[in-house]
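Source file model.cif; content: mmCIF, C-alpha atoms.
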data_coords
#
loop_
_atom_site.group_PDB
_atom_site.id
_atom_site.type_symbol
_atom_site.label_atom_id
_atom_site.label_comp_id
_atom_site.auth_asym_id
_atom_site.auth_seq_id
_atom_site.Cartn_x
_atom_site.Cartn_y
_atom_site.Cartn_z
ATOM 1 C CA MET A 30 34.999 -29.267 40.182
ATOM 2 C CA ARG A 31 31.250 -28.711 40.457
ATOM 3 C CA GLN A 32 29.558 -27.974 37.164
ATOM 4 C CA ILE A 33 27.709 -24.683 36.707
ATOM 5 C CA VAL A 34 24.246 -25.807 35.611
ATOM 6 C CA HIS A 35 22.341 -22.528 35.449
ATOM 7 C CA ILE A 36 22.955 -18.785 35.299
ATOM 8 C CA GLU A 37 20.428 -16.048 36.091
ATOM 9 C CA ILE A 38 20.968 -12.678 34.452
ATOM 10 C CA PRO A 39 19.067 -9.598 35.700
ATOM 11 C CA ALA A 40 16.820 -7.896 33.149
ATOM 12 C CA ALA A 41 15.225 -4.461 33.408
ATOM 13 C CA ASP A 42 13.715 -4.975 29.935
ATOM 14 C CA LYS A 43 13.204 -8.667 29.169
ATOM 15 C CA ASP A 44 12.418 -8.102 25.490
ATOM 16 C CA ALA A 45 15.691 -6.206 25.019
ATOM 17 C CA GLN A 46 17.640 -8.893 26.923
ATOM 18 C CA LYS A 47 16.025 -11.686 24.859
ATOM 19 C CA ALA A 48 16.999 -9.949 21.624
ATOM 20 C CA PHE A 49 20.516 -9.150 22.857
ATOM 21 C CA TYR A 50 21.423 -12.690 23.943
ATOM 22 C CA GLY A 51 19.587 -14.220 21.006
ATOM 23 C CA ASP A 52 21.568 -12.153 18.524
ATOM 24 C CA LEU A 53 24.863 -12.293 20.415
ATOM 25 C CA LEU A 54 24.953 -15.964 21.452
ATOM 26 C CA GLY A 55 22.266 -17.651 19.376
ATOM 27 C CA TRP A 56 20.143 -18.423 22.438
ATOM 28 C CA GLN A 57 16.423 -18.995 21.948
ATOM 29 C CA ALA A 58 14.208 -17.423 24.632
ATOM 30 C CA ILE A 59 11.430 -19.577 26.046
ATOM 31 C CA ASP A 60 8.855 -18.039 28.383
ATOM 32 C CA VAL A 61 7.718 -20.470 31.077
ATOM 33 C CA PRO A 62 4.548 -19.471 32.989
ATOM 34 C CA MET A 63 5.144 -19.921 36.727
ATOM 35 C CA GLY A 64 1.728 -18.832 37.965
ATOM 36 C CA PRO A 65 -0.714 -16.032 37.259
ATOM 37 C CA GLU A 66 1.770 -13.243 37.938
ATOM 38 C CA MET A 67 5.139 -14.639 36.903
ATOM 39 C CA THR A 68 6.758 -15.745 33.692
ATOM 40 C CA TYR A 69 10.288 -17.137 33.878
ATOM 41 C CA THR A 70 12.307 -16.581 30.718
ATOM 42 C CA MET A 71 14.801 -19.337 30.036
ATOM 43 C CA PHE A 72 17.333 -19.582 27.227
ATOM 44 C CA GLN A 73 17.993 -22.659 25.142
ATOM 45 C CA LEU A 74 20.772 -23.485 22.708
ATOM 46 C CA ASN A 75 20.119 -26.696 20.784
ATOM 47 C CA GLU A 76 18.712 -29.005 23.479
ATOM 48 C CA THR A 77 20.462 -27.351 26.409
ATOM 49 C CA MET A 78 18.818 -24.903 28.795
ATOM 50 C CA GLY A 79 21.201 -23.222 31.181
ATOM 51 C CA ALA A 80 20.437 -19.530 31.535
ATOM 52 C CA ALA A 81 17.456 -17.411 32.479
ATOM 53 C CA LEU A 82 16.403 -13.840 33.108
ATOM 54 C CA SER A 83 15.414 -12.526 36.520
ATOM 55 C CA ASP A 84 13.508 -9.284 36.972
ATOM 56 C CA VAL A 85 15.456 -6.284 38.223
ATOM 57 C CA GLY A 86 13.811 -5.083 41.417
ATOM 58 C CA GLU A 87 14.335 -4.640 45.114
ATOM 59 C CA GLN A 88 16.046 -8.031 45.543
ATOM 60 C CA VAL A 89 17.893 -8.179 42.193
ATOM 61 C CA GLN A 90 19.985 -5.351 40.759
ATOM 62 C CA PRO A 91 21.992 -5.065 37.530
ATOM 63 C CA GLY A 92 25.204 -7.029 37.999
ATOM 64 C CA ASP A 93 23.601 -9.575 40.348
ATOM 65 C CA VAL A 94 24.320 -12.520 38.050
ATOM 66 C CA ILE A 95 23.711 -15.740 39.983
ATOM 67 C CA LEU A 96 25.585 -18.975 39.314
ATOM 68 C CA TYR A 97 23.870 -22.254 40.168
ATOM 69 C CA PHE A 98 26.158 -25.182 40.920
ATOM 70 C CA HIS A 99 25.113 -28.811 40.479
ATOM 71 C CA SER A 100 24.189 -30.718 43.631
ATOM 72 C CA ASP A 101 23.566 -34.424 44.096
ATOM 73 C CA ASP A 102 22.440 -33.775 47.690
ATOM 74 C CA LEU A 103 21.025 -30.283 48.137
ATOM 75 C CA ASP A 104 20.279 -30.663 51.843
ATOM 76 C CA ALA A 105 23.852 -31.742 52.625
ATOM 77 C CA ASP A 106 25.356 -28.990 50.478
ATOM 78 C CA MET A 107 23.182 -26.321 52.085
ATOM 79 C CA ALA A 108 24.088 -27.587 55.566
ATOM 80 C CA ARG A 109 27.781 -27.111 54.731
ATOM 81 C CA VAL A 110 27.282 -23.458 53.699
ATOM 82 C CA ALA A 111 27.038 -22.140 57.276
ATOM 83 C CA GLU A 112 29.801 -24.505 58.476
ATOM 84 C CA LEU A 113 32.149 -22.912 55.945
ATOM 85 C CA GLY A 114 31.305 -19.268 56.672
ATOM 86 C CA GLY A 115 28.441 -18.675 54.245
ATOM 87 C CA GLN A 116 24.848 -17.660 54.971
ATOM 88 C CA VAL A 117 21.749 -19.441 53.684
ATOM 89 C CA ILE A 118 19.342 -16.824 52.318
ATOM 90 C CA LEU A 119 16.861 -19.145 50.614
ATOM 91 C CA PRO A 120 16.497 -22.627 52.041
ATOM 92 C CA ARG A 121 15.487 -25.533 49.832
ATOM 93 C CA GLN A 122 12.768 -24.596 47.354
ATOM 94 C CA ASP A 123 11.209 -27.436 45.379
ATOM 95 C CA ILE A 124 10.029 -26.676 41.856
ATOM 96 C CA PRO A 125 7.740 -29.569 40.910
ATOM 97 C CA GLY A 126 8.794 -31.357 37.758
ATOM 98 C CA PHE A 127 12.112 -29.507 37.525
ATOM 99 C CA GLY A 128 14.161 -29.817 40.691
ATOM 100 C CA SER A 129 15.161 -27.994 43.850
ATOM 101 C CA LEU A 130 17.320 -25.008 44.661
ATOM 102 C CA GLY A 131 18.914 -23.369 47.651
ATOM 103 C CA MET A 132 20.543 -19.933 47.648
ATOM 104 C CA PHE A 133 23.277 -18.551 49.869
ATOM 105 C CA LEU A 134 25.812 -15.784 50.317
ATOM 106 C CA ASP A 135 29.465 -16.756 50.192
ATOM 107 C CA PRO A 136 31.824 -15.193 52.784
ATOM 108 C CA THR A 137 32.307 -12.137 50.528
ATOM 109 C CA GLY A 138 28.563 -11.617 50.113
ATOM 110 C CA ASN A 139 28.132 -12.965 46.570
ATOM 111 C CA ARG A 140 24.745 -14.575 45.962
ATOM 112 C CA VAL A 141 25.262 -18.167 44.756
ATOM 113 C CA ALA A 142 22.987 -21.215 44.551
ATOM 114 C CA PHE A 143 22.841 -24.972 44.295
ATOM 115 C CA TRP A 144 20.496 -26.818 41.924
ATOM 116 C CA GLN A 145 19.464 -30.457 42.245
ATOM 117 C CA ASP A 146 17.700 -31.756 39.157
ATOM 118 C CA ALA A 147 14.442 -33.667 39.666
ATOM 119 C CA ASN A 148 15.627 -36.075 36.975
ATOM 120 C CA PRO A 149 19.347 -36.642 37.689
ATOM 121 C CA GLY A 150 19.877 -38.665 34.530
ATOM 122 C CA GLY A 151 18.380 -35.853 32.457
ATOM 123 C CA GLN A 152 21.221 -33.359 32.893
#

Go ahead and render the structure in this file as structure tokens.
Amino acid sequence: MRQIVHIEIPAADKDAQKAFYGDLLGWQAIDVPMGPEMTYTMFQLNETMGAALSDVGEQVQPGDVILYFHSDDLDADMARVAELGGQVILPRQDIPGFGSLGMFLDPTGNRVAFWQDANPGGQ
């Protein structure tokens, strides 16, 4: 079974979400600047990072939790999506120093993604 390596949770109010998950699950919020107009909030528990907040907006609504599955070969996995009845909605995106992702809709329309770590031994 493929490991879930990341979860994105929509947030209309990031400060409220940080406090909620911090108090509920003991997660520590870490804001990661991703350019002049974006800060990505990730959660860490001990040494493990595996969840983040995404902004609620036109593309992301409450309830649109996205699971990211581990991939050893993102290009091959993304190629199989269409073969199996899914639809690629975000082709490979490389995030320098972190890894690469690809997002798709499964046959029911759920938004799901693959993540390939830039440092495979660092998972």

Any chance you could work out the residue set of the PyMOL selection byres ((chain A and resi 56-65) around 10) here, as a PDB file with C-alpha atoms, in the frame of the given file?
ATOM      1  CA  LYS A  43      13.204  -8.667  29.169  1.00  0.00           C
ATOM      2  CA  ASP A  44      12.418  -8.102  25.490  1.00  0.00           C
ATOM      3  CA  GLN A  46      17.640  -8.893  26.923  1.00  0.00           C
ATOM      4  CA  LYS A  47      16.025 -11.686  24.859  1.00  0.00           C
ATOM      5  CA  ALA A  48      16.999  -9.949  21.624  1.00  0.00           C
ATOM      6  CA  PHE A  49      20.516  -9.150  22.857  1.00  0.00           C
ATOM      7  CA  TYR A  50      21.423 -12.690  23.943  1.00  0.00           C
ATOM      8  CA  GLY A  51      19.587 -14.220  21.006  1.00  0.00           C
ATOM      9  CA  ASP A  52      21.568 -12.153  18.524  1.00  0.00           C
ATOM     10  CA  LEU A  53      24.863 -12.293  20.415  1.00  0.00           C
ATOM     11  CA  LEU A  54      24.953 -15.964  21.452  1.00  0.00           C
ATOM     12  CA  GLY A  55      22.266 -17.651  19.376  1.00  0.00           C
ATOM     13  CA  GLU A  66       1.770 -13.243  37.938  1.00  0.00           C
ATOM     14  CA  MET A  67       5.139 -14.639  36.903  1.00  0.00           C
ATOM     15  CA  THR A  68       6.758 -15.745  33.692  1.00  0.00           C
ATOM     16  CA  TYR A  69      10.288 -17.137  33.878  1.00  0.00           C
ATOM     17  CA  THR A  70      12.307 -16.581  30.718  1.00  0.00           C
ATOM     18  CA  MET A  71      14.801 -19.337  30.036  1.00  0.00           C
ATOM     19  CA  PHE A  72      17.333 -19.582  27.227  1.00  0.00           C
ATOM     20  CA  GLN A  73      17.993 -22.659  25.142  1.00  0.00           C
ATOM     21  CA  LEU A  74      20.772 -23.485  22.708  1.00  0.00           C
ATOM     22  CA  ASN A  75      20.119 -26.696  20.784  1.00  0.00           C
ATOM     23  CA  THR A  77      20.462 -27.351  26.409  1.00  0.00           C
ATOM     24  CA  MET A  78      18.818 -24.903  28.795  1.00  0.00           C
ATOM     25  CA  ALA A  80      20.437 -19.530  31.535  1.00  0.00           C
ATOM     26  CA  ALA A  81      17.456 -17.411  32.479  1.00  0.00           C
ATOM     27  CA  LEU A  82      16.403 -13.840  33.108  1.00  0.00           C
ATOM     28  CA  ILE A 124      10.029 -26.676  41.856  1.00  0.00           C
TER      29      ILE A 124
END

Compare A:Leu113, A:Leu130, A:Val85, A:Leu96 by their minimum atom-to-atom distance to His35 of chain A, counting only C-alpha atoms, and give me the closest one.
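Counting only C-alpha atoms, the residue closest to His35 of chain A is A:Leu96.
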
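Counting from atom CA of Pro120 of chain A, the distance to atom CA of Gln88 of chain A is 16.0 Å.
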
Counting all atoms listed in the file, the residue among A:Gln32, A:Ser83, A:Ser100, A:Gln90 that lies closest to Pro149 of chain A is A:Ser100

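Interatomic distance, atom CA of Met30 of chain A against atom CA of Arg121 of chain A: 22.1 Å.
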
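The coordinates place atom CA of Gly114 of chain A at 27.2 Å from atom CA of Gly86 of chain A.
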
Quick one: residues within 8 Å of Val117 of chain A, all atoms listed in the file, excluding same-chain residues fewer than 5 positions away - as a ChimeraX atom specification?
/A:107,110-111,131-134

Closest of A:Glu87, A:Asp93, A:Glu76, A:Glu37 to Asn139 of chain A - atom-to-atom distances counting only C-alpha atoms
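Checking each of A:Glu87, A:Asp93, A:Glu76, A:Glu37 against Asn139 of chain A, counting only C-alpha atoms, the winner is A:Asp93.
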
Could you work out an axis-aligned bounding box for all listed atoms of segment 76-92 of chain A, with 8 Å added on each of the six sides, and give its centre and edge lengths in Å to one decimal, as lines of an AutoDock Vina configuration file?
center_x = 19.4
center_y = -16.8
center_z = 34.5
size_x = 27.7
size_y = 40.4
size_z = 38.1

Nearest-residue call for Arg31 of chain A, choices A:Leu119, A:Ala108, A:Val89, A:Ala142, using only C-alpha atoms
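Looking at the shortest contact to Arg31 of chain A, the residue is A:Ala142.
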
Counting all atoms listed in the file, which residue out of A:Asp42, A:Pro91, A:Gln116, A:Phe143 sits closest to Asp104 of chain A?
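Among the listed residues, the smallest separation from Asp104 of chain A belongs to A:Phe143.
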
Residue nearest Gly128 of chain A among A:Ala40, A:Val34, A:Ala45, A:Val94 (counting only C-alpha atoms):
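Smallest distance to Gly128 of chain A is found for A:Val34.
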
For Gly115 of chain A, work out the shell of residues within 9 Å, counting only C-alpha atoms and skipping chain neighbours fewer than 6 positions away, then give it as a list in words.
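The neighbour list is Arg109, Phe133, Leu134, Asp135, Pro136, Thr137 and Gly138 of chain A.
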